[in-house]
Each structure stands twice: as C-alpha cells, then as structure tokens.
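Asks: What follows is work-v4.tsv, made up of TSV, C-alpha atoms and all ligand atoms:
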chain	number	residue	atom	x	y	z
A	1	MET	CA	139.18	46.21	34.04
A	2	PHE	CA	138.68	48.86	31.31
A	3	GLU	CA	136.09	46.78	29.44
A	4	LEU	CA	134.13	46.21	32.66
A	5	LEU	CA	134.39	49.89	33.55
A	6	LYS	CA	133.03	50.87	30.14
A	7	LYS	CA	130.04	48.56	30.55
A	8	VAL	CA	129.18	49.89	34.00
A	9	LEU	CA	129.54	53.51	32.83
A	10	ALA	CA	127.16	53.13	29.89
A	11	PRO	CA	123.66	52.99	31.44
A	12	ILE	CA	121.63	56.15	32.12
A	13	GLY	CA	121.01	56.19	35.88
A	14	PRO	CA	120.11	59.46	37.59
A	15	SER	CA	119.31	59.32	41.32
A	16	GLY	CA	116.11	57.32	41.85
A	17	LEU	CA	116.29	55.66	38.41
A	18	GLU	CA	119.27	53.36	38.86
A	19	GLU	CA	117.71	50.13	37.58
A	20	PRO	CA	119.54	50.13	34.19
A	21	VAL	CA	122.83	50.17	36.11
A	22	ALA	CA	121.66	47.36	38.41
A	23	ALA	CA	120.70	45.29	35.36
A	24	VAL	CA	124.26	45.44	34.00
A	25	ILE	CA	125.76	44.56	37.39
A	26	ARG	CA	123.34	41.63	37.88
A	27	GLN	CA	124.54	40.19	34.59
A	28	GLU	CA	128.18	40.60	35.53
A	29	LEU	CA	127.75	38.97	38.93
A	30	ALA	CA	125.54	36.04	37.94
A	31	GLY	CA	127.25	32.91	39.26
A	32	PHE	CA	129.73	34.81	41.43
A	33	VAL	CA	127.52	35.43	44.49
A	34	ASP	CA	125.22	33.31	46.68
A	35	THR	CA	122.27	35.72	46.67
A	36	MET	CA	121.25	38.82	44.74
A	37	GLU	CA	118.31	40.94	45.83
A	38	THR	CA	116.87	44.33	45.05
A	39	ASP	CA	115.21	46.16	47.94
A	40	ALA	CA	112.27	48.57	47.91
A	41	LEU	CA	114.46	51.59	47.11
A	42	GLY	CA	116.35	49.81	44.33
A	43	ASN	CA	119.59	48.93	46.15
A	44	LEU	CA	121.15	45.85	44.57
A	45	ILE	CA	122.42	43.62	47.38
A	46	CYS	CA	124.81	40.77	46.48
A	47	VAL	CA	126.06	38.41	49.16
A	48	ARG	CA	128.80	35.79	49.41
A	49	GLN	CA	128.41	33.82	52.61
A	50	GLY	CA	131.54	33.47	54.75
A	51	ARG	CA	133.00	30.00	55.28
A	52	GLY	CA	134.46	30.77	58.70
A	53	GLU	CA	132.95	29.50	61.94
A	54	LYS	CA	131.78	32.92	63.04
A	55	PRO	CA	131.79	35.00	59.90
A	56	ARG	CA	131.61	38.77	60.32
A	57	LYS	CA	129.39	40.69	57.92
A	58	ILE	CA	131.45	43.12	55.88
A	59	MET	CA	129.39	45.51	53.80
A	60	PHE	CA	130.86	47.37	50.85
A	61	SER	CA	128.80	50.14	49.32
A	62	ALA	CA	129.25	51.79	45.92
A	63	HIS	CA	126.53	54.04	44.58
A	64	MET	CA	124.96	53.55	41.17
A	65	ASP	CA	123.27	56.94	40.82
A	66	HIS	CA	124.54	59.87	38.80
A	67	ILE	CA	123.87	63.59	39.29
A	68	GLY	CA	121.56	65.24	36.77
A	69	PHE	CA	118.72	67.60	35.99
A	70	VAL	CA	114.98	67.20	36.53
A	71	VAL	CA	112.37	68.97	34.40
A	72	THR	CA	110.37	71.50	36.44
A	73	GLY	CA	108.48	73.21	33.63
A	74	ILE	CA	108.16	73.54	29.88
A	75	GLU	CA	108.22	76.98	28.20
A	76	LYS	CA	105.84	77.81	25.36
A	77	GLU	CA	108.83	77.89	22.99
A	78	GLY	CA	109.58	74.25	23.88
A	79	PHE	CA	112.52	74.76	26.24
A	80	LEU	CA	112.69	72.81	29.50
A	81	ARG	CA	113.16	74.51	32.84
A	82	VAL	CA	115.13	72.33	35.22
A	83	THR	CA	116.54	72.01	38.68
A	84	ASN	CA	119.42	69.93	39.94
A	85	VAL	CA	119.37	66.34	41.17
A	86	GLY	CA	122.43	66.27	43.42
A	87	GLY	CA	125.45	68.54	43.17
A	88	VAL	CA	125.40	69.75	39.58
A	89	GLY	CA	127.71	72.66	38.73
A	90	LEU	CA	126.12	75.34	36.57
A	91	ASN	CA	129.20	76.61	34.76
A	92	VAL	CA	130.52	73.13	33.93
A	93	SER	CA	127.08	72.23	32.56
A	94	LEU	CA	126.80	75.01	29.98
A	95	THR	CA	126.32	73.70	26.43
A	96	ARG	CA	126.75	70.14	27.67
A	97	HIS	CA	125.09	67.24	25.92
A	98	VAL	CA	122.57	65.55	28.22
A	99	VAL	CA	120.28	62.59	27.66
A	100	PHE	CA	117.01	61.50	29.24
A	101	SER	CA	116.23	57.92	30.30
A	102	ASN	CA	113.97	57.58	27.22
A	103	GLY	CA	116.83	58.53	24.89
A	104	VAL	CA	115.84	62.14	24.17
A	105	ASN	CA	118.95	64.32	23.73
A	106	GLY	CA	119.35	67.86	24.97
A	107	VAL	CA	121.81	70.72	25.39
A	108	VAL	CA	122.07	72.59	28.68
A	109	VAL	CA	121.95	76.35	28.14
A	110	SER	CA	121.55	79.49	30.20
A	111	GLU	CA	119.70	82.75	29.70
A	112	PRO	CA	122.06	85.71	29.40
A	113	VAL	CA	122.74	86.82	32.97
A	114	THR	CA	124.36	89.81	34.58
A	115	GLY	CA	125.67	88.82	37.98
A	116	GLU	CA	125.61	85.35	39.37
A	117	ARG	CA	124.12	82.50	37.36
A	118	ALA	CA	121.47	80.45	39.17
A	119	MET	CA	119.51	77.30	38.38
A	120	LYS	CA	116.48	79.46	37.49
A	121	HIS	CA	118.43	80.81	34.50
A	122	MET	CA	119.17	77.35	33.10
A	123	PHE	CA	117.16	75.43	30.53
A	124	ILE	CA	117.53	72.41	28.28
A	125	ASP	CA	117.08	72.72	24.52
A	126	ILE	CA	115.70	69.43	23.15
A	127	GLY	CA	115.04	70.78	19.68
A	128	ALA	CA	111.26	71.03	20.11
A	129	LYS	CA	109.46	73.73	18.11
A	130	ASP	CA	106.94	74.48	20.86
A	131	LYS	CA	105.53	73.33	24.20
A	132	GLU	CA	103.28	70.74	22.61
A	133	GLU	CA	106.11	69.05	20.78
A	134	ALA	CA	108.32	69.19	23.88
A	135	GLU	CA	105.56	67.53	25.91
A	136	SER	CA	105.44	64.70	23.41
A	137	MET	CA	109.15	64.07	24.06
A	138	VAL	CA	109.62	64.68	27.77
A	139	ARG	CA	107.36	64.98	30.81
A	140	LEU	CA	107.55	67.12	33.92
A	141	GLY	CA	109.74	65.21	36.40
A	142	ASP	CA	111.82	63.42	33.78
A	143	MET	CA	115.56	63.41	34.50
A	144	ALA	CA	118.57	63.97	32.28
A	145	VAL	CA	122.24	63.23	32.89
A	146	TYR	CA	125.47	64.09	31.06
A	147	ALA	CA	125.46	61.84	28.00
A	148	PRO	CA	127.74	58.79	28.16
A	149	ASP	CA	131.15	59.59	26.68
A	150	CYS	CA	133.90	57.31	27.95
A	151	PHE	CA	137.39	57.67	26.51
A	152	ARG	CA	140.97	56.90	27.44
A	153	LEU	CA	143.24	59.78	28.41
A	154	GLY	CA	146.87	58.82	28.11
A	155	GLU	CA	148.08	55.37	29.06
A	156	TYR	CA	146.32	54.79	32.39
A	157	ARG	CA	143.53	57.33	32.64
A	158	VAL	CA	139.90	57.27	31.66
A	159	ALA	CA	137.47	60.19	31.35
A	160	SER	CA	133.71	59.85	31.49
A	161	PRO	CA	130.58	61.28	33.03
A	162	ALA	CA	129.23	59.19	35.95
A	163	MET	CA	132.72	58.05	36.91
A	164	ASP	CA	131.35	59.11	40.33
A	165	ASP	CA	130.57	56.44	41.31
A	166	ARG	CA	130.51	53.82	38.55
A	167	CYS	CA	134.27	53.32	38.72
A	168	ALA	CA	133.70	52.13	42.30
A	169	CYS	CA	130.75	49.98	41.15
A	170	ALA	CA	133.07	48.35	38.59
A	171	LEU	CA	135.72	47.87	41.27
A	172	LEU	CA	133.21	46.19	43.58
A	173	VAL	CA	131.99	43.96	40.74
A	174	LYS	CA	135.60	42.94	40.07
A	175	LEU	CA	136.13	42.21	43.77
A	176	MET	CA	133.09	39.93	43.91
A	177	GLN	CA	134.15	38.19	40.69
A	178	THR	CA	137.62	37.44	42.01
A	179	ILE	CA	137.22	36.90	45.74
A	180	GLY	CA	136.26	33.23	45.90
A	181	ASP	CA	135.59	31.76	49.35
A	182	THR	CA	136.33	33.95	52.34
A	183	GLN	CA	136.09	33.55	56.12
A	184	ASP	CA	133.82	36.59	56.44
A	185	THR	CA	130.52	37.20	54.72
A	186	VAL	CA	130.97	39.79	52.00
A	187	ILE	CA	127.99	41.98	51.15
A	188	ALA	CA	128.25	44.14	48.06
A	189	VAL	CA	125.64	46.89	48.08
A	190	PHE	CA	125.20	48.82	44.86
A	191	SER	CA	123.35	51.69	46.42
A	192	VAL	CA	120.83	54.24	45.17
A	193	GLN	CA	120.29	57.96	45.82
A	194	GLU	CA	123.72	58.70	47.28
A	195	GLU	CA	123.92	62.03	45.48
A	196	VAL	CA	120.78	63.30	47.19
A	197	GLY	CA	121.72	62.30	50.73
A	198	CYS	CA	123.10	58.73	50.91
A	199	ARG	CA	119.57	57.35	51.23
A	200	GLY	CA	120.06	53.90	49.75
A	201	ALA	CA	122.96	53.04	52.04
A	202	LYS	CA	120.90	54.19	55.00
A	203	VAL	CA	118.16	51.61	54.52
A	204	ALA	CA	120.56	48.89	53.34
A	205	SER	CA	122.81	49.17	56.38
A	206	PHE	CA	119.77	49.10	58.67
A	207	ALA	CA	118.41	45.99	56.97
A	208	LEU	CA	121.72	44.17	56.72
A	209	ALA	CA	123.20	45.16	60.12
A	210	PRO	CA	126.82	44.69	59.02
A	211	ASP	CA	129.70	44.46	61.51
A	212	ILE	CA	131.88	46.65	59.32
A	213	GLY	CA	131.01	49.14	56.58
A	214	ILE	CA	133.33	50.22	53.79
A	215	ALA	CA	132.17	52.81	51.26
A	216	LEU	CA	133.79	52.89	47.85
A	217	ASP	CA	133.62	56.28	46.23
A	218	VAL	CA	135.61	58.85	44.34
A	219	THR	CA	137.33	61.74	46.02
A	220	ALA	CA	138.59	65.05	44.70
A	221	TRP	CA	142.11	65.92	43.54
A	222	GLY	CA	144.95	68.30	44.35
A	223	ASP	CA	147.34	67.68	41.49
A	224	THR	CA	146.39	70.13	38.74
A	225	PRO	CA	147.63	73.75	38.38
A	226	GLY	CA	146.32	75.94	41.17
A	227	THR	CA	144.79	73.15	43.27
A	228	THR	CA	146.11	72.29	46.70
A	229	GLN	CA	143.36	70.37	48.50
A	230	PRO	CA	142.79	67.57	49.06
A	231	ASP	CA	146.36	66.26	49.07
A	232	ILE	CA	145.48	63.50	46.60
A	233	LYS	CA	147.19	62.63	43.33
A	234	LEU	CA	145.93	60.47	40.48
A	235	GLY	CA	147.97	57.30	39.99
A	236	GLU	CA	149.41	57.41	43.51
A	237	GLY	CA	147.12	54.70	44.87
A	238	ILE	CA	143.72	54.37	46.47
A	239	GLY	CA	142.78	56.91	49.13
A	240	VAL	CA	142.02	55.70	52.64
A	241	LYS	CA	139.76	58.28	54.22
A	242	VAL	CA	140.44	59.87	57.56
A	243	MET	CA	137.40	62.12	57.34
A	244	ASP	CA	135.14	64.28	55.20
A	245	ARG	CA	132.04	66.29	56.08
A	246	GLY	CA	129.89	63.17	56.35
A	247	SER	CA	131.93	60.70	58.38
A	248	ILE	CA	135.04	60.14	60.42
A	249	SER	CA	136.56	56.74	59.69
A	250	ASN	CA	137.07	54.26	62.49
A	251	PRO	CA	140.80	54.65	63.30
A	252	GLN	CA	141.50	50.91	63.74
A	253	LEU	CA	139.72	49.98	60.53
A	254	ARG	CA	141.48	52.79	58.67
A	255	GLU	CA	144.91	51.69	59.84
A	256	GLU	CA	144.08	48.04	59.10
A	257	LEU	CA	143.17	49.00	55.53
A	258	MET	CA	146.38	51.03	55.17
A	259	ALA	CA	148.34	48.01	56.43
A	260	CYS	CA	146.53	45.75	53.93
A	261	GLY	CA	147.65	48.09	51.17
A	262	GLU	CA	151.22	47.72	52.33
A	263	ARG	CA	150.93	43.93	52.55
A	264	ALA	CA	149.43	43.85	49.07
A	265	GLY	CA	152.35	45.92	47.80
A	266	VAL	CA	150.17	48.76	46.50
A	267	LYS	CA	150.27	52.48	47.06
A	268	THR	CA	147.74	54.15	49.34
A	269	GLN	CA	147.08	57.79	50.19
A	270	ARG	CA	145.73	59.11	53.47
A	271	GLU	CA	142.77	61.28	52.61
A	272	VAL	CA	141.22	64.25	54.37
A	273	LEU	CA	138.49	65.85	52.28
A	274	PRO	CA	137.38	69.29	53.52
A	275	PHE	CA	133.93	68.84	51.92
A	276	GLY	CA	131.59	66.13	50.68
A	277	GLY	CA	130.52	62.78	52.07
A	278	THR	CA	129.96	59.15	51.11
A	279	ASP	CA	127.71	56.20	51.96
A	280	ALA	CA	129.93	55.75	55.03
A	281	SER	CA	127.99	58.63	56.63
A	282	SER	CA	124.78	56.57	56.48
A	283	MET	CA	126.41	53.31	57.52
A	284	GLN	CA	128.25	54.87	60.45
A	285	THR	CA	125.10	56.10	62.18
A	286	SER	CA	122.95	53.07	61.41
A	287	ARG	CA	121.42	51.17	64.34
A	288	GLY	CA	123.80	51.32	67.33
A	289	GLY	CA	126.65	52.57	65.15
A	290	ILE	CA	128.91	50.73	62.71
A	291	PRO	CA	132.71	51.10	62.29
A	292	VAL	CA	133.25	52.51	58.80
A	293	CYS	CA	135.91	53.68	56.42
A	294	THR	CA	135.85	54.92	52.83
A	295	LEU	CA	138.24	53.75	50.14
A	296	SER	CA	138.49	56.63	47.67
A	297	LEU	CA	139.39	56.58	44.02
A	298	PRO	CA	141.20	59.83	43.18
A	299	CYS	CA	139.12	61.61	40.54
A	300	ARG	CA	139.75	64.89	38.76
A	301	TYR	CA	136.90	67.24	37.81
A	302	VAL	CA	134.36	65.43	40.00
A	303	HIS	CA	130.72	66.28	39.16
A	304	SER	CA	131.54	67.35	35.62
A	305	ALA	CA	130.93	65.60	32.31
A	306	CYS	CA	134.62	64.61	32.19
A	307	GLU	CA	135.51	62.93	35.45
A	308	VAL	CA	139.01	61.46	35.16
A	309	ILE	CA	140.39	58.49	37.10
A	310	ASP	CA	143.57	56.43	36.86
A	311	MET	CA	143.17	52.69	36.27
A	312	ARG	CA	146.22	51.98	38.44
A	313	ASP	CA	144.33	53.31	41.47
A	314	MET	CA	141.50	50.87	40.73
A	315	GLU	CA	143.99	47.99	40.58
A	316	ALA	CA	145.55	49.14	43.86
A	317	GLY	CA	142.10	49.25	45.48
A	318	LEU	CA	141.27	45.76	44.24
A	319	LYS	CA	144.45	44.25	45.67
A	320	LEU	CA	143.99	46.08	48.97
A	321	MET	CA	140.45	44.75	49.39
A	322	GLN	CA	141.42	41.21	48.38
A	323	THR	CA	144.13	41.30	51.02
A	324	TYR	CA	141.71	42.66	53.60
A	325	LEU	CA	139.39	39.73	52.90
A	326	GLY	CA	142.24	37.26	53.44
A	327	LYS	CA	143.26	36.65	49.84
B	401	ZN	ZN	130.02	59.56	44.76
Can you present the structure in this file as structure tokens?
Replies:
Amino acid sequence: MFELLKKVLAPIGPSGLEEPVAAVIRQELAGFVDTMETDALGNLICVRQGRGEKPRKIMFSAHMDHIGFVVTGIEKEGFLRVTNVGGVGLNVSLTRHVVFSNGVNGVVVSEPVTGERAMKHMFIDIGAKDKEEAESMVRLGDMAVYAPDCFRLGEYRVASPAMDDRCACALLVKLMQTIGDTQDTVIAVFSVQEEVGCRGAKVASFALAPDIGIALDVTAWGDTPGTTQPDIKLGEGIGVKVMDRGSISNPQLREELMACGERAGVKTQREVLPFGGTDASSMQTSRGGIPVCTLSLPCRYVHSACEVIDMRDMEAGLKLMQTYLGK
C-alpha cells in the first residue's frame, strides 16, 4: 500500500488541474476495470459492472485535487502576489516550499504585518530578479501547491502534502484492484475541484445516477496535545461519518458500513466533524436525492504541508469496503 500511496501522492494537481493525478491512476487501474472515462470537468470515472441480476450502482468518490495558491499579480521586483485555491492556512504556509505545474519552485512569504495576517500580505518568491524574469517563469493564473515530500513517520504513519485526498485515491485504487467480480456495479470516481466546492462530484453523481454514494476523504484529528474535537484518533480505524457541515449520512447506510467493519474484523470510529464537508454533500443532493455516507481516514494537520495518516486505517478501510461489496 505504501508504494501505491507514494505514487499517487507524487503528481502536482491543484484544483482544476488534476490530470497528472488521473494519468497515474489510469495506469494503475488498466486491466482492473471494465470502462475508464474522463468527463468534461476532468473526473476520472472507472466502472466494474455488477454480475448480479439487478445490480445496484454504488459510487465511491475520492478527490484528486490539492489546495494551493494562484498567481494574481507580479510585482516589479519579481515577487508573485497570490490568493488561495481552497482552504489554505496562512500561518502554516509561511516559508513553505511550493511548486508550480511547470516545475518552477517558490517559497511562500509574508510582508511584515502588525495585526492579523491576510492573503493580501502573502507573496511567493521564485528567485526572479524582476517582473520581466518572473513573467518568463510563471503567468498570471498559474497555480502552486506544497511541494511533494512524502516520508514515513514511525512504523505505521506517513506524512505528505496532498494526503487530503490522495490517500483516499490510493485506497480506492487498491479497492478496484482487489475487488474482482461483485453483485453490484462499482463506480470509482476520482473527482476534481472538491476543495473549491465539491464540483466534480456534483456533475459525476448527476451523470451516473448512483443508487448509493460513498465519499472517501480525510477527516481531522483529536489526539494531539490540546485538541479535543473531533473525537478521532490515528490508528484506531477508519471513521464512519455521522455528519459534518456538508452532509448528514444516511443512518441505515452508516450502520451497515459500521457492521461491515465489525464483520471484517477491523476497527471503526463514529465521526462527527463540527466543520468541513466532502463529496458526499454533492452526491446527497443530486437528482432526487441519494443515500450517502463518508468513510474518513483520520489525518493530523489537515491542509498543511505535512498531513499525517496511519497506514493501518487505510487497511481497515479497504477490508471494510471489500466486505461491504460482498467479499
Ligand atoms: Zn478532502
């Protein structure tokens, strides 16, 4: 699982520019699915047809995009003014290494500020001597993300930028690689633009009209000094969401998934997140409404350059989903 995770974490894929991530996933899933399509927004949709008489359509969604910065202006001294793409934290971004899709490196810096720091104080230093040189390296509208930096932390844990939500992408890849024939049709959607409003999952769930929607995403943590919410601990199993600010899980589906965890002999954690949302929010309100739930990988320091997950929670999630699909 670690080698697969590393591969899926490596591509640069800010919201709206997820194709390099899709390319890696396509390669991994070649031969494991019946169809693979990319829609107009860039969602990668991989389907395994069910063998049952009346197969239900079960859609899993894991987002490929990564939060970042977009260039809004270039100063005469060659520094880039930026704004956020998704929920970027200013303080955790200071002096961070970022990289643009074309490979240009940068460091995120702030003007000296008295009072509260805002996005207008931030800039990226790309080492250009003036505006002209900067313009030869980067254009207005180009996006940068925290530079790839995946490393193991202790025996079971892995730290990296873009863990949100590539760890779930890797998990969904692994599920499709291992599932074999199932009664129900399994649709793996590797979605785009989640971090800017769950847009990819919105169009995918409309187009695919699934009977059931399951989002795979990270959640926050409550197991480091001074944190209390959510009541989620790394290494204690996959989270089964009750609700967050975007969706309320279907109670039957939620309990069924909890029961599958038990049958699979893996640990699960009931999850209530007092903020945030996942692709489930878009799936739930698609068409006439779709029963949804989110399976959440506990993740420390979400939306930083060092998002930490526990590989044991990924394994627990895999077994739970295999059991749910009748394996
Ligand atoms: Zn996410």
Asks: Could you tell me how far atom CA of Arg81 of chain A lies from atom CA of His66 of chain A, in Å and to one decimal?
Replies: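 Atom-to-atom, atom CA of Arg81 of chain A and atom CA of His66 of chain A are spaced 19.5 Å apart.
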Asks: With a distance cut-off of 7 Å and only C-alpha atoms, select the neighbouring residues of segment 50-54 of chain A, excluding the residue or stretch itself and same-chain residues fewer than 4 positions from it, and output the selection as an MDAnalysis selection string.
Replies: chainID A and resid 181:186
Asks: Using only C-alpha atoms and all ligand atoms, what table do you get, as CSV, when you list each residue of chain A with an atom no more than 6 Å from ligand ZN 401 (chain B), its nearest pair of atoms, and their distance in Å rounded to one decimal, rows by chain then rising number?
Replies:
residue,atom,partner,partner_atom,distance
A:Asp164,CA,B:ZN401,ZN,4.6
A:Asp165,CA,B:ZN401,ZN,4.7
A:Asp217,CA,B:ZN401,ZN,5.1
A:Val218,CA,B:ZN401,ZN,5.7
Asks: Would you work out the distance separating atom CA of Gln49 of chain A from atom CA of Met36 of chain A, expressed in Å to one decimal?
Replies: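 About the pair atom CA of Gln49 of chain A and atom CA of Met36 of chain A: they are 11.8 Å apart.
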Asks: Please indicate the distance in Å from atom CA of Ala201 of chain A to atom CA of Ser286 of chain A, rounded to one decimal place.
Replies: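 Taking atom CA of Ala201 of chain A as the start and atom CA of Ser286 of chain A as the end point, the length is 9.4 Å.
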Asks: Which is closest to Glu255 of chain A among A:Leu234, A:Cys293, A:Ile58, A:Val92, if we use only C-alpha atoms?
Replies: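 Of A:Leu234, A:Cys293, A:Ile58, A:Val92, the one nearest Glu255 of chain A is A:Cys293, counting only C-alpha atoms.
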Asks: Anything within 12 Å of (137.3, 60.0, 59.7): list those residues as an NGL selection string, counting only C-alpha atoms and sticking to the file's coordinates.
Replies: :A and (240-255 or 270-274 or 277-278 or 280-281 or 284 or 291-295)
Asks: Determine, counting all atoms listed in the file, which protein, DNA and RNA residues have an atom within 8 Å of an atom of Val192 of chain A; residues of the same chain fewer than 3 positions away are not included. Present the result as a list in words.
Replies: Ser15, Gly16, Glu18, Leu41, Gly42, Asn43, His63, Met64, Asp65, Cys198, Arg199, Gly200 and Ala201 of chain A
Asks: Given all atoms listed in the file as the basis, pick out the residue of A:Val173, A:Cys260, A:Gly68, A:Pro298 nearest to Val196 of chain A.
Replies: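 Of A:Val173, A:Cys260, A:Gly68, A:Pro298, the one nearest Val196 of chain A is A:Gly68, counting all atoms listed in the file.
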Asks: From the list A:Asp125, A:Glu75, A:Asp211, A:Asp231, which residue is nearest Ser110 of chain A when using only C-alpha atoms?
Replies: A:Asp125
Asks: Taking (131.0, 44.8, 33.0) in the file's own coordinates, collect the residues within 12 Å, counting all atoms listed in the file, and hand them back as an MDAnalysis selection string.
Replies: chainID A and resid 1:11 21:30 166:167 169:174 177
Asks: Which is closer to Glu155 of chain A than all the others in A:Pro20, A:Gly226, A:Gly235, A:Gly31, using only C-alpha atoms?
Replies: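 Of A:Pro20, A:Gly226, A:Gly235, A:Gly31, the one nearest Glu155 of chain A is A:Gly235, counting only C-alpha atoms.
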Asks: Please list as a PDB file with C-alpha atoms, keeping the file's coordinate frame every residue within 8 Å of Phe60 of chain A, counting only C-alpha atoms and excluding residues in the same chain fewer than 3 positions away.
Replies:
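Now in result_10.pdb:
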ATOM      1  CA  LEU A 172     133.210  46.190  43.580  1.00  0.00           C
ATOM      2  CA  VAL A 186     130.970  39.790  52.000  1.00  0.00           C
ATOM      3  CA  ILE A 187     127.990  41.980  51.150  1.00  0.00           C
ATOM      4  CA  ALA A 188     128.250  44.140  48.060  1.00  0.00           C
ATOM      5  CA  VAL A 189     125.640  46.890  48.080  1.00  0.00           C
ATOM      6  CA  GLY A 213     131.010  49.140  56.580  1.00  0.00           C
ATOM      7  CA  ILE A 214     133.330  50.220  53.790  1.00  0.00           C
ATOM      8  CA  ALA A 215     132.170  52.810  51.260  1.00  0.00           C
ATOM      9  CA  LEU A 216     133.790  52.890  47.850  1.00  0.00           C
TER      10      LEU A 216
END
Asks: Contacts of Glu133 of chain A at 12 Å or less, counting only C-alpha atoms, minus same-chain residues fewer than 3 places along, as a ChimeraX atom specification?
Replies: /A:74-80,126-130,136-139
